[in-house]
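Just structure_5.txt here, compact mmCIF, C-alpha atoms and all ligand atoms:
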```txt
# COMPACT_ATOMS: atom_id res chain seq x y z
CA MET K 116 0.52 24.78 -3.48
CA ALA K 117 2.00 23.94 -0.10
CA GLU K 118 2.00 20.32 1.00
CA ARG K 119 -1.06 19.25 2.94
CA THR K 120 0.29 17.87 6.16
CA LEU K 121 -1.82 15.90 8.61
CA ALA K 122 -2.00 19.00 10.83
CA ARG K 123 -3.35 21.04 7.94
CA TYR K 124 -5.87 18.38 6.89
CA LEU K 125 -7.20 18.16 10.45
CA THR K 126 -7.34 21.94 10.83
CA GLU K 127 -9.35 22.22 7.61
CA GLU K 128 -11.70 19.41 8.64
CA GLN K 129 -12.28 21.32 11.88
CA ARG K 130 -12.55 24.83 10.42
CA ASN K 131 -14.23 24.39 7.06
CA ARG K 132 -16.28 21.27 7.47
CA GLY K 133 -16.97 21.18 11.19
CA VAL K 134 -16.36 17.44 11.18
CA ILE K 135 -14.04 17.32 14.17
CA THR K 136 -13.44 19.15 17.43
CA ALA K 137 -10.18 20.76 18.54
CA ASP K 138 -9.67 17.92 21.04
CA LEU K 139 -10.16 15.22 18.41
CA LYS K 140 -7.69 17.02 16.14
CA PHE K 141 -5.18 17.08 19.00
CA LEU K 142 -5.83 13.41 19.76
CA ILE K 143 -5.16 12.32 16.18
CA GLU K 144 -2.00 14.43 16.01
CA ILE K 145 -0.73 12.84 19.23
CA VAL K 146 -1.49 9.34 17.93
CA SER K 147 0.30 10.15 14.67
CA ARG K 148 3.38 11.30 16.60
CA ALA K 149 3.32 8.08 18.61
CA CYS K 150 3.17 6.16 15.31
CA GLN K 151 6.22 8.11 14.12
CA ALA K 152 8.06 7.11 17.30
CA ILE K 153 7.05 3.46 16.79
CA SER K 154 8.17 3.68 13.15
CA ILE K 155 11.60 4.94 14.27
CA ALA K 156 11.94 2.16 16.87
CA ILE K 157 10.98 -0.49 14.29
CA GLY K 158 13.42 1.00 11.79
CA LYS K 159 16.34 0.36 14.15
CA GLY K 160 15.60 -3.38 14.12
CA GLY K 161 18.49 -5.51 15.26
CA LEU K 162 20.60 -2.37 15.88
CA GLY K 163 18.17 -1.03 18.48
CA GLY K 164 17.71 -4.24 20.47
CA VAL K 165 13.96 -4.08 19.78
CA LEU K 166 13.51 -7.52 18.23
CA GLY K 167 12.57 -10.76 19.99
CA GLU K 168 10.40 -11.83 22.87
CA ALA K 169 9.47 -9.66 25.86
CA GLY K 170 9.24 -12.74 28.08
CA SER K 171 5.63 -12.04 29.14
CA ASP K 172 2.07 -12.95 28.01
CA ASN K 173 -0.81 -10.56 27.32
CA VAL K 174 -4.42 -10.98 28.47
CA GLN K 175 -5.16 -13.15 25.43
CA GLY K 176 -2.42 -15.57 26.53
CA GLU K 177 -0.21 -14.59 23.60
CA ALA K 178 3.55 -14.24 24.09
CA GLN K 179 4.42 -10.54 23.86
CA LYS K 180 7.25 -9.34 21.65
CA LYS K 181 9.47 -6.51 22.86
CA LEU K 182 7.89 -4.26 20.23
CA ASP K 183 4.33 -5.08 21.42
CA VAL K 184 5.28 -3.79 24.86
CA LEU K 185 7.32 -0.81 23.63
CA SER K 186 4.62 0.35 21.18
CA ASN K 187 1.99 0.08 23.92
CA GLU K 188 4.12 2.24 26.23
CA ILE K 189 4.75 4.82 23.51
CA LEU K 190 1.00 5.21 22.86
CA LEU K 191 0.13 5.37 26.56
CA GLU K 192 2.77 7.96 27.42
CA ALA K 193 2.00 10.12 24.39
CA ASN K 194 -1.71 10.23 25.16
CA GLU K 195 -2.13 10.47 28.91
CA TRP K 196 -1.06 14.07 29.60
CA GLY K 197 -2.96 16.01 26.92
CA GLY K 198 -6.37 16.36 28.56
CA HIS K 199 -8.20 14.96 25.54
CA LEU K 200 -8.86 11.45 26.88
CA ALA K 201 -11.03 9.86 29.55
CA ALA K 202 -9.34 6.44 29.23
CA MET K 203 -7.43 4.14 26.89
CA ALA K 204 -7.68 0.42 26.14
CA SER K 205 -5.23 -1.83 24.35
CA GLU K 206 -4.73 -5.37 23.13
CA GLU K 207 -1.77 -5.52 25.48
CA MET K 208 -3.63 -4.53 28.67
CA ASP K 209 -6.18 -6.60 30.53
CA LEU K 210 -8.07 -3.53 31.80
CA PRO K 211 -8.43 0.05 30.55
CA HIS K 212 -5.82 2.64 31.47
CA THR K 213 -7.51 5.53 33.22
CA ILE K 214 -5.96 8.99 33.15
CA PRO K 215 -3.85 9.69 36.28
CA ASN K 216 -5.26 12.34 38.61
CA ARG K 217 -2.38 14.72 37.93
CA TYR K 218 -3.67 15.27 34.39
CA PRO K 219 -6.99 16.74 33.17
CA GLN K 220 -9.58 14.35 31.77
CA GLY K 221 -11.13 14.71 28.33
CA GLU K 222 -14.19 13.38 26.55
CA TYR K 223 -12.70 10.72 24.27
CA LEU K 224 -11.82 7.05 24.62
CA LEU K 225 -8.91 5.67 22.63
CA LEU K 226 -8.46 1.98 21.79
CA PHE K 227 -5.48 0.46 20.03
CA ASP K 228 -3.70 -2.59 18.78
CA PRO K 229 -0.25 -1.05 19.34
CA LEU K 230 1.59 -3.51 17.13
CA ASP K 231 -0.38 -5.58 14.65
CA GLY K 232 1.29 -8.51 12.89
CA SER K 233 3.63 -9.44 15.74
CA SER K 234 4.69 -12.67 14.02
CA ASN K 235 6.21 -10.54 11.24
CA ILE K 236 8.40 -8.29 13.42
CA ASP K 237 11.50 -10.45 13.51
CA VAL K 238 11.31 -11.36 9.80
CA ASN K 239 11.22 -7.73 8.59
CA VAL K 240 7.75 -7.87 7.01
CA SER K 241 5.20 -5.02 7.25
CA ILE K 242 3.52 -4.51 10.62
CA GLY K 243 1.30 -1.71 11.94
CA THR K 244 -0.74 0.08 14.57
CA ILE K 245 -4.56 0.19 14.57
CA PHE K 246 -6.65 2.71 16.55
CA SER K 247 -10.27 3.57 17.24
CA VAL K 248 -11.78 6.64 18.93
CA LEU K 249 -15.11 6.75 20.82
CA LYS K 250 -16.84 9.45 22.86
CA CYS K 251 -16.95 8.67 26.57
CA PRO K 252 -20.61 8.39 27.66
CA GLU K 253 -21.84 11.12 30.03
CA GLY K 254 -21.54 10.08 33.67
CA ALA K 255 -19.40 7.01 32.92
CA ASP K 256 -17.78 5.46 36.00
CA LEU K 257 -14.03 5.86 35.54
CA SER K 258 -13.19 5.51 39.23
CA THR K 259 -11.40 2.19 38.70
CA ALA K 260 -9.90 0.49 35.66
CA ALA K 261 -12.40 -2.39 36.00
CA ALA K 262 -15.39 -0.02 36.13
CA ALA K 263 -14.09 1.91 33.11
CA GLU K 264 -14.51 -1.11 30.80
CA ALA K 265 -18.27 -0.45 30.50
CA ALA K 266 -17.67 2.97 28.89
CA PHE K 267 -15.90 1.29 25.95
CA LEU K 268 -18.65 -1.21 25.14
CA GLN K 269 -20.17 0.73 22.23
CA PRO K 270 -20.87 -0.53 18.71
CA GLY K 271 -18.45 0.37 15.91
CA THR K 272 -21.01 2.77 14.43
CA ALA K 273 -20.25 5.05 17.42
CA GLN K 274 -16.59 5.52 16.41
CA VAL K 275 -15.74 9.18 15.74
CA ALA K 276 -12.40 8.33 14.12
CA ALA K 277 -10.37 5.28 13.19
CA GLY K 278 -7.07 4.66 11.50
CA TYR K 279 -4.00 2.57 11.08
CA ALA K 280 -0.31 3.05 10.40
CA VAL K 281 1.56 0.54 8.25
CA TYR K 282 5.28 0.27 8.86
CA GLY K 283 6.38 -1.05 5.49
CA PRO K 284 8.85 0.16 2.85
CA THR K 285 7.20 3.51 3.64
CA THR K 286 5.24 4.41 6.75
CA VAL K 287 1.68 5.43 5.87
CA LEU K 288 -1.18 6.59 8.05
CA VAL K 289 -4.72 5.86 6.84
CA LEU K 290 -7.45 7.80 8.58
CA THR K 291 -11.17 8.43 8.68
CA VAL K 292 -13.02 10.98 10.76
CA GLY K 293 -16.28 9.84 9.17
CA ASP K 294 -15.68 11.98 6.08
CA GLY K 295 -14.11 9.44 3.70
CA VAL K 296 -10.67 7.87 3.89
CA VAL K 297 -7.39 9.74 3.48
CA VAL K 298 -3.82 8.47 3.27
CA PHE K 299 -0.72 10.25 4.58
CA THR K 300 2.87 9.22 3.93
CA LEU K 301 5.59 9.85 6.50
CA ASP K 302 8.20 12.27 5.18
CA ARG K 303 11.13 10.95 7.21
CA GLU K 304 13.36 13.99 6.61
CA GLN K 305 10.73 16.47 7.77
CA GLY K 306 9.30 14.17 10.42
CA GLN K 307 5.68 14.69 9.41
CA PHE K 308 2.82 12.95 7.66
CA VAL K 309 1.90 14.44 4.27
CA LEU K 310 -1.38 13.82 2.44
CA THR K 311 -0.83 11.51 -0.54
CA GLN K 312 -4.35 10.28 -1.32
CA GLU K 313 -7.86 11.55 -0.72
CA ASN K 314 -11.28 9.97 -1.14
CA VAL K 315 -9.99 6.38 -1.23
CA GLN K 316 -12.45 4.09 -3.05
CA ILE K 317 -12.20 0.31 -2.95
CA PRO K 318 -13.20 -1.31 -6.26
CA ALA K 319 -16.47 -3.25 -5.79
CA ASP K 320 -15.11 -6.29 -7.65
CA THR K 321 -11.86 -8.11 -7.18
CA GLN K 322 -9.81 -11.12 -8.24
CA GLU K 323 -7.68 -11.29 -5.11
CA PHE K 324 -8.46 -12.99 -1.79
CA ALA K 325 -6.66 -13.23 1.55
CA ILE K 326 -7.26 -16.07 3.98
CA ASN K 327 -5.03 -18.39 5.99
CA MET K 328 -5.45 -21.56 3.93
CA ALA K 329 -3.82 -23.64 6.68
CA ASN K 330 -7.15 -23.45 8.53
CA GLN K 331 -9.20 -24.82 5.62
CA ARG K 332 -10.16 -28.08 7.32
CA PHE K 333 -11.79 -26.11 10.17
CA TRP K 334 -13.90 -23.72 8.04
CA GLU K 335 -17.68 -23.73 7.86
CA ALA K 336 -19.63 -24.58 4.70
CA PRO K 337 -20.14 -21.02 3.30
CA VAL K 338 -16.40 -20.27 3.44
CA GLN K 339 -15.53 -23.69 1.98
CA ARG K 340 -17.93 -23.04 -0.89
CA TYR K 341 -16.70 -19.52 -1.62
CA VAL K 342 -12.98 -20.33 -1.54
CA HIS K 343 -13.53 -23.47 -3.60
CA GLU K 344 -15.39 -21.42 -6.23
CA MET K 345 -12.57 -18.88 -6.36
CA GLN K 346 -10.04 -21.68 -6.80
CA GLN K 347 -12.02 -23.06 -9.74
CA GLY K 348 -11.26 -19.80 -11.56
CA LYS K 349 -12.49 -19.04 -15.08
CA THR K 350 -14.04 -22.47 -15.56
CA GLY K 351 -15.96 -22.33 -12.23
CA PRO K 352 -19.21 -20.55 -11.29
CA LEU K 353 -17.48 -17.18 -10.68
CA GLY K 354 -16.07 -17.14 -14.22
CA LYS K 355 -12.73 -15.48 -13.42
CA ASP K 356 -9.31 -16.42 -12.10
CA TYR K 357 -8.35 -15.30 -8.60
CA ASN K 358 -4.98 -14.75 -6.95
CA MET K 359 -4.19 -15.21 -3.24
CA ARG K 360 -2.21 -13.04 -0.80
CA TRP K 361 -1.77 -13.50 2.96
CA VAL K 362 0.70 -11.24 4.77
CA ALA K 363 -0.49 -12.28 8.27
CA SER K 364 -0.46 -8.63 9.36
CA MET K 365 -4.06 -7.43 9.17
CA VAL K 366 -2.86 -3.86 8.57
CA ALA K 367 -0.84 -4.89 5.52
CA ASP K 368 -3.62 -7.10 4.12
CA VAL K 369 -6.19 -4.33 4.64
CA HIS K 370 -3.88 -1.73 3.15
CA ARG K 371 -3.53 -3.79 -0.02
CA ILE K 372 -7.34 -3.90 -0.24
CA MET K 373 -7.52 -0.11 0.30
CA THR K 374 -5.05 0.29 -2.54
CA ARG K 375 -6.37 -2.11 -5.18
CA GLY K 376 -9.36 -4.01 -3.78
CA GLY K 377 -9.63 -7.58 -2.55
CA ILE K 378 -11.33 -9.61 0.13
CA PHE K 379 -9.85 -10.42 3.55
CA MET K 380 -11.27 -13.22 5.70
CA TYR K 381 -10.53 -14.45 9.18
CA PRO K 382 -13.78 -16.38 9.55
CA ILE K 383 -15.11 -18.37 12.47
CA ASP K 384 -14.04 -22.01 12.29
CA SER K 385 -14.45 -25.13 14.44
CA LYS K 386 -11.13 -24.48 16.19
CA LEU K 387 -12.07 -20.86 17.08
CA GLN K 388 -15.71 -21.61 18.02
CA GLY K 389 -15.09 -21.30 21.77
CA GLN K 390 -13.48 -17.86 21.55
CA GLY K 391 -15.78 -16.40 18.87
CA GLY K 392 -13.11 -15.73 16.24
CA LYS K 393 -9.45 -14.76 15.95
CA LEU K 394 -9.45 -11.00 15.56
CA ARG K 395 -10.50 -8.61 18.28
CA LEU K 396 -13.67 -6.54 17.75
CA MET K 397 -12.87 -3.28 19.48
CA TYR K 398 -9.37 -2.46 18.26
CA GLU K 399 -8.97 -4.58 15.12
CA ALA K 400 -12.32 -5.35 13.44
CA ASN K 401 -14.23 -2.14 14.27
CA PRO K 402 -11.64 0.45 13.15
CA MET K 403 -10.91 -1.55 9.98
CA ALA K 404 -14.64 -1.99 9.29
CA LEU K 405 -15.24 1.77 9.57
CA LEU K 406 -12.32 2.55 7.25
CA ILE K 407 -13.45 -0.09 4.73
CA GLU K 408 -17.07 1.16 4.72
CA GLN K 409 -15.92 4.77 4.43
CA ALA K 410 -14.00 3.70 1.31
CA GLY K 411 -17.08 2.07 -0.22
CA GLY K 412 -16.34 -1.51 0.85
CA ALA K 413 -18.20 -3.81 3.25
CA ALA K 414 -17.33 -5.57 6.51
CA SER K 415 -19.29 -8.49 7.96
CA THR K 416 -18.97 -11.44 10.28
CA GLY K 417 -20.73 -13.46 7.59
CA LEU K 418 -24.02 -13.06 9.43
CA GLN K 419 -23.96 -9.44 10.60
CA ARG K 420 -22.47 -6.04 9.77
CA ILE K 421 -19.43 -5.75 12.06
CA LEU K 422 -20.12 -2.12 12.98
CA GLU K 423 -23.53 -3.03 14.46
CA ILE K 424 -22.26 -5.59 16.97
CA LYS K 425 -22.98 -4.53 20.55
CA PRO K 426 -19.83 -5.59 22.41
CA GLY K 427 -20.08 -7.54 25.64
CA LYS K 428 -16.38 -7.53 26.52
CA LEU K 429 -13.40 -5.30 25.80
CA HIS K 430 -11.31 -8.11 24.32
CA GLN K 431 -14.16 -9.84 22.49
CA ARG K 432 -13.23 -11.64 19.25
CA VAL K 433 -15.23 -11.74 16.02
CA PRO K 434 -15.18 -13.39 12.60
CA VAL K 435 -14.04 -10.85 9.98
CA ILE K 436 -14.87 -10.74 6.25
CA LEU K 437 -14.13 -7.38 4.63
CA GLY K 438 -13.15 -5.63 1.42
CA SER K 439 -14.60 -5.27 -2.08
CA LYS K 440 -18.36 -4.92 -1.70
CA ASN K 441 -19.62 -7.38 -4.30
CA GLU K 442 -17.40 -10.17 -2.98
CA VAL K 443 -18.38 -9.55 0.66
CA ASP K 444 -22.04 -9.54 -0.43
CA ARG K 445 -21.51 -12.84 -2.24
CA ILE K 446 -20.11 -14.68 0.78
CA THR K 447 -22.65 -13.19 3.19
CA GLY K 448 -25.29 -14.45 0.74
CA TYR K 449 -23.75 -17.93 1.04
CA HIS K 450 -24.15 -17.66 4.83
CA ARG K 451 -27.89 -17.04 4.40
CA THR K 452 -28.60 -20.02 2.15
P1 LIG V 1 -1.55 -9.30 16.52
O1 LIG V 1 -0.14 -9.38 16.01
O2 LIG V 1 -1.95 -7.91 16.91
O3 LIG V 1 -1.86 -10.32 17.59
O4 LIG V 1 -2.54 -9.61 15.31
C1 LIG V 1 -2.26 -10.68 14.44
C2 LIG V 1 -3.49 -10.99 13.64
C3 LIG V 1 -3.62 -10.23 12.34
O5 LIG V 1 -2.77 -9.17 12.16
C4 LIG V 1 -3.39 -11.24 11.26
O6 LIG V 1 -4.30 -11.05 10.22
C5 LIG V 1 -3.62 -12.56 11.93
O7 LIG V 1 -3.43 -12.35 13.30
C6 LIG V 1 -2.69 -13.61 11.44
O8 LIG V 1 -3.08 -14.82 11.95
P2 LIG V 1 -2.38 -16.20 11.51
O9 LIG V 1 -1.04 -16.22 12.17
O10 LIG V 1 -3.34 -17.23 12.04
O11 LIG V 1 -2.28 -16.20 10.00
MN MN V 2 -3.53 -7.34 15.66
MN MN V 3 -1.07 -6.57 18.34
```

Is it possible to give me this structure as structure tokens?
Amino acid sequence: MAERTLARYLTEEQRNRGVITADLKFLIEIVSRACQAISIAIGKGGLGGVLGEAGSDNVQGEAQKKLDVLSNEILLEANEWGGHLAAMASEEMDLPHTIPNRYPQGEYLLLFDPLDGSSNIDVNVSIGTIFSVLKCPEGADLSTAAAAEAAFLQPGTAQVAAGYAVYGPTTVLVLTVGDGVVVFTLDREQGQFVLTQENVQIPADTQEFAINMANQRFWEAPVQRYVHEMQQGKTGPLGKDYNMRWVASMVADVHRIMTRGGIFMYPIDSKLQGQGGKLRLMYEANPMALLIEQAGGAASTGLQRILEIKPGKLHQRVPVILGSKNEVDRITGYHRT
């Protein structure tokens, strides 16, 4: 049987299952091509002059790397001409990017973290791109970039598609259109994504956790309790030994969980209290939460299902606890007691 490329998967989702529209299919193909272009730029590394600082700050006050800026530009340019989008929003842009008048406007909104794991770029560790797709509400005011922000402020349950690319030893694209989770691997010779896994299911139990232990002294009681219990291993209340992994690229940590289970936590702590968390709701937490739930896992702030949060701001931050369902349920239980 012929290889199932991304184009073929999307065509079949559209034709046989009626899950997606022609415009959404086009949108995802365009995003996947942008991810291929980002993958090529990353692959050049020190030879392509793409490493190092850009010399600017983004809206979150973080120093931008050259690849943050380049990846953002690749995604913007790839997506603005096709007629499938009403506007785009990105970690790297203060305000949404509306579609220039010279191009037709479509019915979707695209959000992205163009380059996730920026601290890992220069050290040659896996990084990625995260994206989320919403429908633009009828009658939304897109006359200015500032006015357009309101159209994006929808809960994660409203996402019609979400995905991420991991640029690791191989480049993979993990996608949901609300019909389970599928994984494509980039065939570099052919220049296309080929389906390599369908119906991804995250094991409900795990013995692997991911958290930045350097923040331990700032954590709240439920997180202290849970991590302490995991560290006690077989002789503690959980009765099994755990291992720890922390890549510091959310895409890579989430991809490990997609592959073999685990729990990922970037919880609220006393240092992050003022900003509400570390990770951004609309283009980090929401797309990952949809993917994780579609693969049978769970995603919570500790107190609330991430996908049900009604956003107040485009760049809002949230606590994130996601992965194997029984472990997420355990720590959310600790938040309730
Ligand atoms: P970004 O590079 O897009 O700013 O995101 C980085 C995020 C996330 O990928 C990762 O899980 C986390 O920041 C790492 O934070 P620490 O450096 O605090 O470990
Ligand atoms: Mn990120
Ligand atoms: Mn980023």

Given only C-alpha atoms as the basis, pick out the residue of K:Pro402, K:Pro352, K:Ile245, K:Trp196 nearest to Gly293 (chain K).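 Residue with the minimum atom-to-atom distance to Gly293 (chain K): K:Pro402.
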
Exercise answer, 6 Å around ligand LIG 1 (chain V) with only C-alpha atoms and all ligand atoms, as a ChimeraX atom specification: /K:228,230-233,327,363-365

Interface rows for chain K against ligand MN 3 (chain V): nearest pair, Å to one decimal, 10 Å, all atoms listed in the file, as CSV:
```
residue,atom,partner,partner_atom,distance
K:Asn173,CA,V:MN3,MN,9.8
K:Glu177,CA,V:MN3,MN,9.6
K:Gln179,CA,V:MN3,MN,8.7
K:Lys180,CA,V:MN3,MN,9.4
K:Leu182,CA,V:MN3,MN,9.4
K:Asp183,CA,V:MN3,MN,6.4
K:Val184,CA,V:MN3,MN,9.5
K:Ser186,CA,V:MN3,MN,9.4
K:Asn187,CA,V:MN3,MN,9.2
K:Ser205,CA,V:MN3,MN,8.7
K:Glu206,CA,V:MN3,MN,6.1
K:Glu207,CA,V:MN3,MN,7.3
K:Phe227,CA,V:MN3,MN,8.5
K:Asp228,CA,V:MN3,MN,4.8
K:Pro229,CA,V:MN3,MN,5.7
K:Leu230,CA,V:MN3,MN,4.2
K:Asp231,CA,V:MN3,MN,3.9
K:Gly232,CA,V:MN3,MN,6.2
K:Ser233,CA,V:MN3,MN,6.1
K:Ser234,CA,V:MN3,MN,9.4
K:Ile242,CA,V:MN3,MN,9.2
K:Gly243,CA,V:MN3,MN,8.4
K:Thr244,CA,V:MN3,MN,7.7
K:Ile245,CA,V:MN3,MN,8.5
K:Ser364,CA,V:MN3,MN,9.2
K:Met365,CA,V:MN3,MN,9.7
K:Leu394,CA,V:MN3,MN,9.9
K:Arg395,CA,V:MN3,MN,9.6
K:Tyr398,CA,V:MN3,MN,9.3
K:Glu399,CA,V:MN3,MN,8.8
```

Select all residues near (-20.6, 13.2, 28.4) (cut-off 12 Å, inclusive, file coordinates), counting all atoms listed in the file, and output them as JSON, numbers by chain. {"K": [200, 201, 220, 221, 222, 223, 224, 249, 250, 251, 252, 253, 254, 255, 256, 266]}

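With distances restricted to only C-alpha atoms and all ligand atoms, K:Val281 is the closest residue to ligand MN 2 (chain V) from K:Ile383, K:Leu437, K:Leu405, K:Val281.
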
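Excluding region 139-151 of chain K itself and same-chain residues fewer than 4 positions from it, the residues having an atom within 7 Å of it are Ala122, Leu125, Ile135, Ile155, Ile189, Leu190, Ala193, Asn194, His199 and Ala280 of chain K, counting all atoms listed in the file.
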
Under the rule that only C-alpha atoms and all ligand atoms are counted, which of K:Val435, K:Ala262, K:Val366, K:Ala204 is the nearest residue to ligand MN 2 (chain V)?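 Checking each of K:Val435, K:Ala262, K:Val366, K:Ala204 against ligand MN 2 (chain V), counting only C-alpha atoms and all ligand atoms, the winner is K:Val366.
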
Polymer residues at most 10 Å from Leu268 (chain K), only C-alpha atoms, same-chain spacing of 3 or more positions, as a PyMOL selection string: chain K and resi 249+263-265+271+397+424-429

Interatomic distance (Å, one decimal) between CA of Tyr341 (chain K) and CA of Ile446 (chain K):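 Computing the Euclidean distance for CA of Tyr341 (chain K) and CA of Ile446 (chain K) yields 6.4 Å.
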
At what distance in Å, to one decimal, does CA of Gly306 (chain K) lie from CA of Gly163 (chain K)? 19.4 Å

Repaired coordinates for region 148-170 of chain K (N, CA and C atoms) as an mmCIF file, in the frame of the given file:
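Final output, part_32.cif:
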```
data_model
loop_
_atom_site.group_PDB
_atom_site.id
_atom_site.type_symbol
_atom_site.label_atom_id
_atom_site.label_comp_id
_atom_site.auth_asym_id
_atom_site.auth_seq_id
_atom_site.Cartn_x
_atom_site.Cartn_y
_atom_site.Cartn_z
ATOM 1 N N ARG K 148 1.999 11.142 16.110
ATOM 2 C CA ARG K 148 3.380 11.300 16.600
ATOM 3 C C ARG K 148 3.857 10.023 17.275
ATOM 4 N N ALA K 149 2.954 9.367 17.998
ATOM 5 C CA ALA K 149 3.320 8.080 18.610
ATOM 6 C C ALA K 149 3.661 7.066 17.509
ATOM 7 N N CYS K 150 2.881 7.084 16.423
ATOM 8 C CA CYS K 150 3.170 6.160 15.310
ATOM 9 C C CYS K 150 4.532 6.476 14.682
ATOM 10 N N GLN K 151 4.874 7.749 14.611
ATOM 11 C CA GLN K 151 6.220 8.110 14.120
ATOM 12 C C GLN K 151 7.296 7.537 15.029
ATOM 13 N N ALA K 152 7.073 7.637 16.343
ATOM 14 C CA ALA K 152 8.060 7.110 17.300
ATOM 15 C C ALA K 152 8.162 5.597 17.159
ATOM 16 N N ILE K 153 7.037 4.922 16.964
ATOM 17 C CA ILE K 153 7.050 3.460 16.790
ATOM 18 C C ILE K 153 7.789 3.114 15.495
ATOM 19 N N SER K 154 7.520 3.896 14.439
ATOM 20 C CA SER K 154 8.170 3.680 13.150
ATOM 21 C C SER K 154 9.695 3.785 13.288
ATOM 22 N N ILE K 155 10.150 4.755 14.068
ATOM 23 C CA ILE K 155 11.600 4.940 14.270
ATOM 24 C C ILE K 155 12.178 3.747 15.037
ATOM 25 N N ALA K 156 11.461 3.318 16.087
ATOM 26 C CA ALA K 156 11.940 2.160 16.870
ATOM 27 C C ALA K 156 12.024 0.917 15.996
ATOM 28 N N ILE K 157 10.994 0.683 15.183
ATOM 29 C CA ILE K 157 10.980 -0.490 14.290
ATOM 30 C C ILE K 157 12.136 -0.410 13.298
ATOM 31 N N GLY K 158 12.380 0.807 12.793
ATOM 32 C CA GLY K 158 13.420 1.000 11.790
ATOM 33 C C GLY K 158 14.817 0.649 12.286
ATOM 34 N N LYS K 159 15.015 0.701 13.594
ATOM 35 C CA LYS K 159 16.340 0.360 14.150
ATOM 36 C C LYS K 159 16.566 -1.144 14.123
ATOM 37 N N GLY K 160 15.492 -1.924 14.199
ATOM 38 C CA GLY K 160 15.600 -3.380 14.120
ATOM 39 C C GLY K 160 16.651 -3.954 15.041
ATOM 40 N N GLY K 161 17.462 -4.828 14.479
ATOM 41 C CA GLY K 161 18.490 -5.510 15.260
ATOM 42 C C GLY K 161 19.517 -4.565 15.863
ATOM 43 N N LEU K 162 19.629 -3.336 15.336
ATOM 44 C CA LEU K 162 20.600 -2.370 15.880
ATOM 45 C C LEU K 162 20.090 -1.745 17.173
ATOM 46 N N GLY K 163 18.744 -1.716 17.319
ATOM 47 C CA GLY K 163 18.170 -1.030 18.480
ATOM 48 C C GLY K 163 17.807 -1.976 19.610
ATOM 49 N N GLY K 164 18.068 -3.256 19.435
ATOM 50 C CA GLY K 164 17.710 -4.240 20.470
ATOM 51 C C GLY K 164 16.209 -4.359 20.662
ATOM 52 N N VAL K 165 15.421 -4.058 19.616
ATOM 53 C CA VAL K 165 13.960 -4.080 19.780
ATOM 54 C C VAL K 165 13.320 -5.383 19.296
ATOM 55 N N LEU K 166 14.099 -6.285 18.742
ATOM 56 C CA LEU K 166 13.510 -7.520 18.230
ATOM 57 C C LEU K 166 13.405 -8.577 19.330
ATOM 58 N N GLY K 167 12.627 -9.619 19.068
ATOM 59 C CA GLY K 167 12.570 -10.760 19.990
ATOM 60 C C GLY K 167 11.449 -10.683 21.001
ATOM 61 N N GLU K 168 11.468 -11.659 21.888
ATOM 62 C CA GLU K 168 10.400 -11.830 22.870
ATOM 63 C C GLU K 168 10.580 -10.886 24.054
ATOM 64 N N ALA K 169 9.407 -10.471 24.642
ATOM 65 C CA ALA K 169 9.470 -9.660 25.860
ATOM 66 C C ALA K 169 9.584 -10.549 27.094
ATOM 67 N N GLY K 170 9.196 -11.821 26.938
ATOM 68 C CA GLY K 170 9.240 -12.740 28.080
ATOM 69 C C GLY K 170 7.985 -12.712 28.927
#
```
